[in-house]
$ cat work.cif   # mmCIF, N, CA and C atoms
data_query
#
loop_
_atom_site.label_atom_id
_atom_site.label_comp_id
_atom_site.auth_asym_id
_atom_site.auth_seq_id
_atom_site.Cartn_x
_atom_site.Cartn_y
_atom_site.Cartn_z
N MET A 200 25.23 14.16 -7.24
CA MET A 200 24.06 14.35 -6.40
C MET A 200 22.81 14.48 -7.26
N ARG A 201 22.93 15.31 -8.31
CA ARG A 201 21.79 15.56 -9.18
C ARG A 201 21.42 14.31 -9.97
N ASP A 202 22.43 13.52 -10.36
CA ASP A 202 22.17 12.29 -11.10
C ASP A 202 21.43 11.26 -10.25
N ALA A 203 21.78 11.19 -8.98
CA ALA A 203 21.11 10.25 -8.07
C ALA A 203 19.65 10.63 -7.89
N ALA A 204 19.37 11.92 -7.75
CA ALA A 204 17.98 12.37 -7.60
C ALA A 204 17.19 12.10 -8.87
N GLY A 205 17.83 12.30 -10.00
CA GLY A 205 17.17 12.03 -11.29
C GLY A 205 16.88 10.56 -11.46
N ALA A 206 17.81 9.71 -11.04
CA ALA A 206 17.61 8.26 -11.14
C ALA A 206 16.48 7.81 -10.24
N ARG A 207 16.41 8.37 -9.01
CA ARG A 207 15.32 8.01 -8.10
C ARG A 207 13.98 8.45 -8.67
N ALA A 208 13.93 9.65 -9.26
CA ALA A 208 12.70 10.15 -9.86
C ALA A 208 12.26 9.26 -11.02
N LYS A 209 13.22 8.81 -11.82
CA LYS A 209 12.90 7.92 -12.95
C LYS A 209 12.37 6.58 -12.44
N GLU A 210 13.01 6.02 -11.41
CA GLU A 210 12.55 4.76 -10.82
C GLU A 210 11.15 4.90 -10.25
N ARG A 211 10.89 6.04 -9.63
CA ARG A 211 9.56 6.29 -9.06
C ARG A 211 8.51 6.35 -10.16
N ARG A 212 8.81 7.04 -11.25
CA ARG A 212 7.86 7.11 -12.37
C ARG A 212 7.60 5.73 -12.96
N GLN A 213 8.65 4.92 -13.08
CA GLN A 213 8.50 3.57 -13.61
C GLN A 213 7.64 2.71 -12.68
N ALA A 214 7.88 2.83 -11.39
CA ALA A 214 7.09 2.06 -10.41
C ALA A 214 5.62 2.49 -10.45
N LEU A 215 5.38 3.78 -10.52
CA LEU A 215 4.01 4.27 -10.60
C LEU A 215 3.32 3.80 -11.86
N ALA A 216 4.05 3.74 -12.97
CA ALA A 216 3.47 3.25 -14.22
C ALA A 216 3.11 1.78 -14.12
N LEU A 217 3.92 1.00 -13.38
CA LEU A 217 3.63 -0.43 -13.21
C LEU A 217 2.37 -0.68 -12.40
N VAL A 218 2.13 0.13 -11.38
CA VAL A 218 0.98 -0.11 -10.50
C VAL A 218 -0.27 0.65 -10.95
N ALA A 219 -0.16 1.52 -11.93
CA ALA A 219 -1.29 2.33 -12.38
C ALA A 219 -2.53 1.50 -12.74
N PRO A 220 -2.38 0.35 -13.42
CA PRO A 220 -3.58 -0.43 -13.75
C PRO A 220 -4.34 -0.96 -12.53
N PHE A 221 -3.69 -0.98 -11.37
CA PHE A 221 -4.30 -1.54 -10.17
C PHE A 221 -4.85 -0.48 -9.22
N GLU A 222 -4.78 0.78 -9.60
CA GLU A 222 -5.23 1.86 -8.73
C GLU A 222 -6.74 1.96 -8.66
N ALA A 223 -7.41 1.70 -9.75
CA ALA A 223 -8.88 1.83 -9.80
C ALA A 223 -9.53 0.50 -9.48
N PRO A 224 -10.66 0.52 -8.78
CA PRO A 224 -11.36 -0.73 -8.46
C PRO A 224 -11.89 -1.40 -9.73
N SER A 225 -11.89 -2.70 -9.71
CA SER A 225 -12.43 -3.49 -10.81
C SER A 225 -13.63 -4.27 -10.27
N ALA A 226 -14.80 -3.99 -10.80
CA ALA A 226 -16.03 -4.63 -10.29
C ALA A 226 -15.97 -6.15 -10.43
N TRP A 227 -15.55 -6.62 -11.59
CA TRP A 227 -15.55 -8.08 -11.78
C TRP A 227 -14.53 -8.76 -10.88
N ARG A 228 -13.37 -8.13 -10.67
CA ARG A 228 -12.39 -8.72 -9.76
C ARG A 228 -12.90 -8.71 -8.32
N SER A 229 -13.52 -7.61 -7.94
CA SER A 229 -14.07 -7.51 -6.58
C SER A 229 -15.14 -8.56 -6.37
N LEU A 230 -16.05 -8.69 -7.34
CA LEU A 230 -17.13 -9.68 -7.21
C LEU A 230 -16.57 -11.10 -7.21
N TRP A 231 -15.57 -11.36 -8.04
CA TRP A 231 -14.94 -12.69 -8.07
C TRP A 231 -14.31 -13.02 -6.72
N GLN A 232 -13.53 -12.08 -6.17
CA GLN A 232 -12.89 -12.30 -4.89
C GLN A 232 -13.92 -12.50 -3.78
N LEU A 233 -14.95 -11.67 -3.78
CA LEU A 233 -16.00 -11.79 -2.77
C LEU A 233 -16.74 -13.11 -2.90
N GLY A 234 -17.11 -13.46 -4.12
CA GLY A 234 -17.86 -14.71 -4.36
C GLY A 234 -17.08 -15.94 -3.97
N THR A 235 -15.82 -16.02 -4.38
CA THR A 235 -15.03 -17.21 -4.05
C THR A 235 -14.77 -17.29 -2.54
N THR A 236 -14.59 -16.16 -1.92
CA THR A 236 -14.37 -16.16 -0.47
C THR A 236 -15.63 -16.59 0.28
N LEU A 237 -16.78 -16.04 -0.11
CA LEU A 237 -18.04 -16.43 0.54
C LEU A 237 -18.34 -17.91 0.32
N LEU A 238 -18.06 -18.41 -0.87
CA LEU A 238 -18.28 -19.82 -1.16
C LEU A 238 -17.37 -20.70 -0.30
N ALA A 239 -16.10 -20.34 -0.22
CA ALA A 239 -15.15 -21.10 0.61
C ALA A 239 -15.55 -21.04 2.08
N TYR A 240 -15.98 -19.86 2.54
CA TYR A 240 -16.40 -19.71 3.93
C TYR A 240 -17.61 -20.59 4.23
N ALA A 241 -18.59 -20.57 3.34
CA ALA A 241 -19.80 -21.39 3.53
C ALA A 241 -19.45 -22.87 3.52
N ALA A 242 -18.58 -23.29 2.62
CA ALA A 242 -18.18 -24.70 2.56
C ALA A 242 -17.44 -25.12 3.83
N LEU A 243 -16.56 -24.26 4.31
CA LEU A 243 -15.83 -24.57 5.54
C LEU A 243 -16.74 -24.61 6.75
N GLU A 244 -17.69 -23.68 6.82
CA GLU A 244 -18.66 -23.70 7.93
C GLU A 244 -19.49 -24.99 7.90
N ALA A 245 -19.93 -25.39 6.70
CA ALA A 245 -20.71 -26.63 6.57
C ALA A 245 -19.85 -27.84 6.96
N ALA A 246 -18.59 -27.82 6.54
CA ALA A 246 -17.69 -28.93 6.90
C ALA A 246 -17.47 -28.98 8.40
N MET A 247 -17.33 -27.82 9.03
CA MET A 247 -17.16 -27.80 10.48
C MET A 247 -18.38 -28.39 11.18
N TYR A 248 -19.56 -28.00 10.70
CA TYR A 248 -20.79 -28.51 11.31
C TYR A 248 -20.89 -30.03 11.13
N ALA A 249 -20.59 -30.49 9.92
CA ALA A 249 -20.66 -31.93 9.65
C ALA A 249 -19.61 -32.70 10.44
N SER A 250 -18.46 -32.09 10.67
CA SER A 250 -17.38 -32.80 11.36
C SER A 250 -17.62 -32.94 12.86
N LEU A 251 -18.60 -32.22 13.38
CA LEU A 251 -18.89 -32.35 14.82
C LEU A 251 -19.24 -33.79 15.20
N ASN A 252 -19.88 -34.51 14.29
CA ASN A 252 -20.25 -35.91 14.56
C ASN A 252 -19.07 -36.86 14.37
N VAL A 253 -18.00 -36.38 13.75
CA VAL A 253 -16.84 -37.23 13.48
C VAL A 253 -15.79 -37.06 14.59
N SER A 254 -15.34 -35.81 14.76
CA SER A 254 -14.28 -35.56 15.74
C SER A 254 -14.22 -34.07 16.05
N TYR A 255 -14.10 -33.77 17.32
CA TYR A 255 -13.94 -32.36 17.70
C TYR A 255 -12.59 -31.83 17.24
N TRP A 256 -11.60 -32.70 17.17
CA TRP A 256 -10.28 -32.28 16.70
C TRP A 256 -10.32 -31.90 15.23
N LEU A 257 -11.09 -32.63 14.45
CA LEU A 257 -11.26 -32.28 13.03
C LEU A 257 -11.97 -30.94 12.91
N THR A 258 -12.98 -30.73 13.73
CA THR A 258 -13.70 -29.45 13.72
C THR A 258 -12.75 -28.31 14.07
N LEU A 259 -11.91 -28.54 15.07
CA LEU A 259 -10.93 -27.53 15.46
C LEU A 259 -9.93 -27.26 14.34
N ALA A 260 -9.51 -28.31 13.65
CA ALA A 260 -8.57 -28.14 12.53
C ALA A 260 -9.22 -27.33 11.40
N LEU A 261 -10.50 -27.56 11.16
CA LEU A 261 -11.21 -26.81 10.11
C LEU A 261 -11.45 -25.36 10.52
N ALA A 262 -11.38 -25.09 11.82
CA ALA A 262 -11.58 -23.71 12.28
C ALA A 262 -10.46 -22.79 11.82
N VAL A 263 -9.28 -23.33 11.59
CA VAL A 263 -8.13 -22.49 11.19
C VAL A 263 -8.35 -21.89 9.80
N PRO A 264 -8.65 -22.67 8.75
CA PRO A 264 -8.90 -22.03 7.45
C PRO A 264 -10.19 -21.20 7.46
N THR A 265 -11.16 -21.58 8.27
CA THR A 265 -12.39 -20.79 8.37
C THR A 265 -12.08 -19.42 8.96
N ALA A 266 -11.23 -19.39 9.95
CA ALA A 266 -10.80 -18.10 10.52
C ALA A 266 -10.07 -17.26 9.48
N GLY A 267 -9.28 -17.92 8.63
CA GLY A 267 -8.60 -17.22 7.55
C GLY A 267 -9.59 -16.56 6.59
N MET A 268 -10.67 -17.25 6.29
CA MET A 268 -11.71 -16.68 5.42
C MET A 268 -12.41 -15.51 6.11
N THR A 269 -12.58 -15.61 7.43
CA THR A 269 -13.18 -14.51 8.18
C THR A 269 -12.28 -13.28 8.13
N VAL A 270 -10.99 -13.48 8.28
CA VAL A 270 -10.04 -12.37 8.19
C VAL A 270 -10.08 -11.77 6.78
N ARG A 271 -10.16 -12.62 5.78
CA ARG A 271 -10.25 -12.13 4.40
C ARG A 271 -11.50 -11.28 4.19
N MET A 272 -12.62 -11.70 4.78
CA MET A 272 -13.84 -10.90 4.67
C MET A 272 -13.69 -9.57 5.41
N PHE A 273 -12.96 -9.57 6.51
CA PHE A 273 -12.73 -8.31 7.20
C PHE A 273 -11.87 -7.38 6.35
N ILE A 274 -10.93 -7.94 5.61
CA ILE A 274 -10.12 -7.12 4.71
C ILE A 274 -11.01 -6.49 3.64
N PHE A 275 -11.97 -7.24 3.12
CA PHE A 275 -12.93 -6.67 2.16
C PHE A 275 -13.72 -5.55 2.82
N GLN A 276 -14.17 -5.80 4.05
CA GLN A 276 -14.93 -4.78 4.80
C GLN A 276 -14.07 -3.53 4.98
N HIS A 277 -12.81 -3.72 5.30
CA HIS A 277 -11.87 -2.62 5.47
C HIS A 277 -11.74 -1.83 4.17
N ASP A 278 -11.57 -2.53 3.04
CA ASP A 278 -11.46 -1.86 1.75
C ASP A 278 -12.74 -1.11 1.40
N CYS A 279 -13.88 -1.68 1.76
CA CYS A 279 -15.16 -0.99 1.54
C CYS A 279 -15.23 0.28 2.38
N GLY A 280 -14.68 0.24 3.58
CA GLY A 280 -14.65 1.42 4.44
C GLY A 280 -13.86 2.55 3.83
N TYR A 281 -12.86 2.22 3.02
CA TYR A 281 -12.09 3.23 2.29
C TYR A 281 -12.73 3.58 0.95
N ARG A 282 -13.83 2.92 0.65
CA ARG A 282 -14.54 3.09 -0.63
C ARG A 282 -13.63 2.75 -1.81
N SER A 283 -12.85 1.70 -1.64
CA SER A 283 -11.92 1.31 -2.69
C SER A 283 -12.19 -0.07 -3.27
N PHE A 284 -13.20 -0.76 -2.78
CA PHE A 284 -13.50 -2.10 -3.29
C PHE A 284 -14.31 -2.01 -4.57
N PHE A 285 -15.23 -1.06 -4.63
CA PHE A 285 -16.03 -0.77 -5.82
C PHE A 285 -15.96 0.71 -6.10
N ARG A 286 -16.32 1.11 -7.31
CA ARG A 286 -16.37 2.54 -7.65
C ARG A 286 -17.55 3.22 -6.97
N ALA A 287 -18.68 2.53 -6.92
CA ALA A 287 -19.92 3.12 -6.38
C ALA A 287 -19.91 3.07 -4.85
N GLN A 288 -20.23 4.18 -4.25
CA GLN A 288 -20.26 4.27 -2.78
C GLN A 288 -21.31 3.33 -2.21
N TRP A 289 -22.48 3.22 -2.85
CA TRP A 289 -23.54 2.36 -2.35
C TRP A 289 -23.10 0.89 -2.36
N ALA A 290 -22.32 0.49 -3.37
CA ALA A 290 -21.85 -0.90 -3.45
C ALA A 290 -20.87 -1.19 -2.32
N ASN A 291 -19.96 -0.25 -2.06
CA ASN A 291 -19.03 -0.42 -0.94
C ASN A 291 -19.78 -0.54 0.37
N ALA A 292 -20.80 0.30 0.56
CA ALA A 292 -21.58 0.25 1.80
C ALA A 292 -22.32 -1.07 1.93
N ALA A 293 -22.91 -1.55 0.84
CA ALA A 293 -23.67 -2.81 0.88
C ALA A 293 -22.77 -4.00 1.19
N VAL A 294 -21.64 -4.08 0.51
CA VAL A 294 -20.71 -5.19 0.75
C VAL A 294 -20.08 -5.07 2.13
N GLY A 295 -19.76 -3.86 2.55
CA GLY A 295 -19.22 -3.66 3.90
C GLY A 295 -20.18 -4.16 4.96
N ARG A 296 -21.46 -3.86 4.78
CA ARG A 296 -22.47 -4.34 5.74
C ARG A 296 -22.61 -5.85 5.70
N LEU A 297 -22.59 -6.43 4.49
CA LEU A 297 -22.68 -7.88 4.37
C LEU A 297 -21.51 -8.55 5.09
N CYS A 298 -20.31 -8.06 4.84
CA CYS A 298 -19.13 -8.63 5.50
C CYS A 298 -19.20 -8.46 7.01
N SER A 299 -19.77 -7.34 7.46
CA SER A 299 -19.85 -7.10 8.90
C SER A 299 -20.73 -8.13 9.60
N LEU A 300 -21.70 -8.67 8.90
CA LEU A 300 -22.54 -9.71 9.50
C LEU A 300 -21.73 -10.97 9.79
N LEU A 301 -20.74 -11.24 8.94
CA LEU A 301 -19.94 -12.45 9.09
C LEU A 301 -18.70 -12.24 9.95
N THR A 302 -18.26 -11.00 10.09
CA THR A 302 -17.08 -10.72 10.92
C THR A 302 -17.48 -10.24 12.32
N TYR A 303 -18.75 -10.06 12.55
CA TYR A 303 -19.27 -9.58 13.84
C TYR A 303 -18.66 -8.23 14.23
N THR A 304 -18.49 -7.36 13.23
CA THR A 304 -17.95 -6.03 13.45
C THR A 304 -18.89 -5.03 12.79
N PRO A 305 -19.70 -4.30 13.54
CA PRO A 305 -20.68 -3.38 12.94
C PRO A 305 -19.99 -2.39 11.99
N TYR A 306 -20.41 -2.41 10.73
CA TYR A 306 -19.72 -1.68 9.67
C TYR A 306 -19.70 -0.17 9.90
N ALA A 307 -20.84 0.44 10.13
CA ALA A 307 -20.89 1.91 10.26
C ALA A 307 -20.07 2.38 11.46
N CYS A 308 -20.19 1.69 12.56
CA CYS A 308 -19.43 2.05 13.77
C CYS A 308 -17.93 1.89 13.52
N TRP A 309 -17.54 0.76 12.94
CA TRP A 309 -16.13 0.52 12.68
C TRP A 309 -15.58 1.57 11.71
N ARG A 310 -16.33 1.84 10.64
CA ARG A 310 -15.87 2.79 9.63
C ARG A 310 -15.65 4.19 10.23
N ARG A 311 -16.59 4.61 11.06
CA ARG A 311 -16.48 5.93 11.69
C ARG A 311 -15.27 5.97 12.63
N GLN A 312 -15.12 4.97 13.47
CA GLN A 312 -14.00 4.95 14.41
C GLN A 312 -12.66 4.78 13.71
N HIS A 313 -12.64 4.03 12.63
CA HIS A 313 -11.39 3.84 11.89
C HIS A 313 -10.98 5.14 11.20
N ALA A 314 -11.95 5.87 10.66
CA ALA A 314 -11.65 7.17 10.05
C ALA A 314 -11.14 8.14 11.11
N GLN A 315 -11.74 8.08 12.29
CA GLN A 315 -11.30 8.94 13.39
C GLN A 315 -9.87 8.55 13.81
N HIS A 316 -9.58 7.28 13.80
CA HIS A 316 -8.24 6.80 14.11
C HIS A 316 -7.22 7.41 13.14
N HIS A 317 -7.53 7.38 11.85
CA HIS A 317 -6.62 7.94 10.86
C HIS A 317 -6.51 9.46 10.98
N ALA A 318 -7.56 10.09 11.42
CA ALA A 318 -7.54 11.55 11.55
C ALA A 318 -6.72 12.01 12.75
N SER A 319 -6.57 11.15 13.75
CA SER A 319 -5.91 11.61 14.97
C SER A 319 -4.72 10.76 15.42
N SER A 320 -4.39 9.70 14.74
CA SER A 320 -3.34 8.80 15.25
C SER A 320 -1.96 9.44 15.28
N ASN A 321 -1.70 10.40 14.42
CA ASN A 321 -0.38 11.01 14.43
C ASN A 321 -0.34 12.30 15.26
N ASN A 322 -1.43 12.64 15.90
CA ASN A 322 -1.50 13.83 16.73
C ASN A 322 -1.49 13.37 18.19
N LEU A 323 -0.37 13.52 18.85
CA LEU A 323 -0.24 13.01 20.21
C LEU A 323 -1.17 13.70 21.20
N HIS A 324 -1.63 14.90 20.88
CA HIS A 324 -2.55 15.61 21.76
C HIS A 324 -3.98 15.10 21.62
N ARG A 325 -4.27 14.35 20.56
CA ARG A 325 -5.62 13.85 20.34
C ARG A 325 -5.68 12.33 20.40
N ARG A 326 -4.71 11.68 20.98
CA ARG A 326 -4.67 10.22 21.03
C ARG A 326 -5.83 9.63 21.80
N ASP A 327 -6.40 10.37 22.73
CA ASP A 327 -7.48 9.83 23.56
C ASP A 327 -8.83 9.95 22.88
N VAL A 328 -8.89 10.45 21.66
CA VAL A 328 -10.16 10.63 20.95
C VAL A 328 -10.53 9.32 20.28
N GLY A 329 -11.58 8.68 20.76
CA GLY A 329 -12.12 7.48 20.14
C GLY A 329 -11.20 6.27 20.25
N LEU A 330 -11.73 5.15 19.84
CA LEU A 330 -10.97 3.90 19.83
C LEU A 330 -11.09 3.30 18.45
N ASP A 331 -10.11 2.56 18.06
CA ASP A 331 -10.16 1.85 16.80
C ASP A 331 -10.43 0.39 17.11
N ILE A 332 -11.55 -0.13 16.60
CA ILE A 332 -11.86 -1.54 16.89
C ILE A 332 -11.40 -2.42 15.77
#
$ encode --input "work.cif" --output "C-alpha cells"
Amino acid sequence: MRDAAGARAKERRQALALVAPFEAPSAWRSLWQLGTTLLAYAALEAAMYASLNVSYWLTLALAVPTAGMTVRMFIFQHDCGYRSFFRAQWANAAVGRLCSLLTYTPYACWRRQHAQHHASSNNLHRRDVGLDI
C-alpha cells in the first residue's frame, strides 16, 4: 500500500516537473499566437468577401475555418480573463478587449460573469446567481 502511494507521488512530481516550463506566460509566444491568428482571421475574412462574387458556396465553405479562428480568439480572450495570457494585467485586459471586438462578447461583462460562474457553480444553493455567457 505504501509503495503504491510512493510511486504515485513520484509520478506526480515527475509530471509536475515536465509541465513546469509551461506554467508561466511567455510574452513572445502569446504575441506570436495572437499575431498569426489575427493574420489568418483577416485573410479568411478578405477571402470570404472576395468569394461573394464567385460563389456563395465557396463563401460558406470559407466560413468554417473563419469560425475556427473566431473560436481561437475567444480562447485567447478566455485566457486573458484568467490573467494567464500575459504576465501584466494591463496586457491581458487590452488583448481581452481586442478579442472581444472580434468575438462579439463584451470582455468586462463576460469576465465578471465567468468569475461568478466559477465562484458559485459547485454550490447548488447559489446556482441561480448570474449567468455564464
$ atom_distance --input "work.cif" --atom1 "CA of Tyr306 in chain A" --atom2 "CA of Tyr248 in chain A"
26.9 Å
$ residues_around --input "work.cif" --residues "range 282-292 of chain A" --least-positions-apart "4" --cutoff "8 Å" --atoms "all atoms listed in the file" --output "PyMOL selection string"
chain A and resi 222-226+228-230+275-278+296-298
$ closest_residue --input "work.cif" --among "A:Thr265, A:Val294, A:Trp227, A:Pro220" --to "Ala241 in chain A" --atoms "all atoms listed in the file"
A:Thr265
$ residues_around --input "work.cif" --residues "Tyr240 in chain A" --least-positions-apart "2" --cutoff "8 Å" --atoms "only N, CA and C atoms" --output "list of chain:residue names"
A:Gly234, A:Thr235, A:Thr236, A:Leu237, A:Leu238, A:Ala242, A:Leu243, A:Glu244, A:Ala245, A:Ala246, A:Pro264, A:Thr265, A:Ala266, A:Gly267, A:Met268, A:Thr269
$ atom_distance --input "work.cif" --atom1 "atom C of Ala307 in chain A" --atom2 "atom C of Leu233 in chain A"
21.4 Å
$ select_by_dssp --input "work.cif" --residues "chain A" --states "alpha helix (DSSP H)" --output "PyMOL selection string"
chain A and resi 201-218+226-250+255-280+288-302+306-319
$ atom_distance --input "work.cif" --atom1 "CA of Gln232 in chain A" --atom2 "atom C of Arg211 in chain A"
28.9 Å
$ axis_aligned_box --input "work.cif" --around "range 245-264 of chain A" --padding-each-side "6 Å" --output "lines of an AutoDock Vina configuration file"
center_x = -14.5
center_y = -29.2
center_z = 12.1
size_x = 24.8
size_y = 28.0
size_z = 23.2
$ closest_residue --input "work.cif" --among "A:Leu215, A:Leu301, A:Cys308, A:Ala314" --to "Val270 in chain A" --atoms "only C-alpha atoms"
A:Leu301
$ decode --input "work.cif" --residues "range 221-319 of chain A" --atoms "C-alpha atoms" --output "compact mmCIF listing (two decimals), in the first residue's frame"
# COMPACT_ATOMS: atom_id res chain seq x y z
CA PHE A 221 4.70 25.95 -19.38
CA GLU A 222 3.16 27.34 -16.18
CA ALA A 223 4.28 30.94 -16.65
CA PRO A 224 3.07 33.07 -19.57
CA SER A 225 5.52 33.75 -22.37
CA ALA A 226 5.08 37.16 -23.99
CA TRP A 227 6.69 36.22 -27.29
CA ARG A 228 4.65 33.01 -27.58
CA SER A 229 1.46 34.87 -26.72
CA LEU A 230 2.20 37.61 -29.25
CA TRP A 231 3.14 35.03 -31.91
CA GLN A 232 -0.09 33.08 -31.36
CA LEU A 233 -2.18 36.24 -31.34
CA GLY A 234 -0.47 37.68 -34.43
CA THR A 235 -0.73 34.55 -36.54
CA THR A 236 -4.35 34.07 -35.54
CA LEU A 237 -5.29 37.68 -36.34
CA LEU A 238 -3.48 37.45 -39.67
CA ALA A 239 -5.25 34.19 -40.58
CA TYR A 240 -8.59 35.64 -39.48
CA ALA A 241 -8.09 38.78 -41.59
CA ALA A 242 -7.03 36.73 -44.62
CA LEU A 243 -10.04 34.44 -44.29
CA GLU A 244 -12.42 37.39 -43.89
CA ALA A 245 -10.93 39.01 -47.02
CA ALA A 246 -11.22 35.72 -48.90
CA MET A 247 -14.85 35.37 -47.84
CA TYR A 248 -15.60 38.89 -49.06
CA ALA A 249 -13.83 38.29 -52.37
CA SER A 250 -15.55 34.93 -52.85
CA LEU A 251 -19.00 36.52 -52.74
CA ASN A 252 -18.60 37.39 -56.43
CA VAL A 253 -17.53 33.83 -57.24
CA SER A 254 -19.87 31.53 -55.34
CA TYR A 255 -21.95 31.63 -52.19
CA TRP A 256 -21.00 28.01 -51.59
CA LEU A 257 -17.32 28.95 -51.59
CA THR A 258 -18.08 31.75 -49.13
CA LEU A 259 -19.92 29.28 -46.92
CA ALA A 260 -17.00 26.84 -47.11
CA LEU A 261 -14.59 29.61 -46.05
CA ALA A 262 -16.86 30.41 -43.11
CA VAL A 263 -15.86 27.15 -41.41
CA PRO A 264 -12.13 27.93 -40.92
CA THR A 265 -13.05 31.57 -40.19
CA ALA A 266 -15.32 30.37 -37.39
CA GLY A 267 -12.40 28.28 -36.12
CA MET A 268 -10.25 31.41 -35.92
CA THR A 269 -13.07 33.18 -34.06
CA VAL A 270 -13.19 30.36 -31.53
CA ARG A 271 -9.41 30.56 -31.18
CA MET A 272 -9.67 34.29 -30.45
CA PHE A 273 -12.31 33.56 -27.83
CA ILE A 274 -9.89 31.11 -26.21
CA PHE A 275 -7.32 33.93 -26.04
CA GLN A 276 -10.00 36.18 -24.54
CA HIS A 277 -10.78 33.45 -22.02
CA ASP A 278 -7.10 33.11 -21.07
CA CYS A 279 -6.87 36.89 -20.69
CA GLY A 280 -9.86 36.74 -18.35
CA TYR A 281 -7.81 34.42 -16.13
CA ARG A 282 -4.85 36.80 -16.49
CA SER A 283 -2.77 33.95 -17.83
CA PHE A 284 -2.03 35.05 -21.40
CA PHE A 285 0.49 37.72 -20.33
CA ARG A 286 2.21 38.48 -17.03
CA ALA A 287 0.96 42.08 -16.97
CA GLN A 288 -2.66 42.61 -16.01
CA TRP A 289 -2.99 45.61 -18.36
CA ALA A 290 -1.80 43.49 -21.32
CA ASN A 291 -4.36 40.78 -20.55
CA ALA A 292 -7.09 43.42 -20.33
CA ALA A 293 -6.03 45.08 -23.60
CA VAL A 294 -5.86 41.83 -25.57
CA GLY A 295 -9.08 40.58 -23.97
CA ARG A 296 -10.86 43.72 -25.14
CA LEU A 297 -9.36 43.45 -28.62
CA CYS A 298 -10.51 39.84 -28.93
CA SER A 299 -13.95 40.79 -27.64
CA LEU A 300 -14.42 43.11 -30.60
CA LEU A 301 -13.96 40.17 -32.96
CA THR A 302 -15.88 37.58 -30.93
CA TYR A 303 -18.81 39.93 -30.19
CA THR A 304 -18.56 39.09 -26.49
CA PRO A 305 -18.11 42.14 -24.21
CA TYR A 306 -14.91 41.39 -22.28
CA ALA A 307 -15.60 43.03 -18.91
CA CYS A 308 -19.14 41.64 -18.69
CA TRP A 309 -18.05 38.16 -19.73
CA ARG A 310 -15.07 38.17 -17.34
CA ARG A 311 -17.24 39.21 -14.39
CA GLN A 312 -19.96 36.65 -15.12
CA HIS A 313 -17.44 33.89 -15.79
CA ALA A 314 -15.71 34.58 -12.46
CA GLN A 315 -19.11 34.49 -10.78
CA HIS A 316 -19.80 31.18 -12.51
CA HIS A 317 -16.61 29.70 -11.05
CA ALA A 318 -17.41 31.11 -7.63
CA SER A 319 -20.86 29.52 -7.47
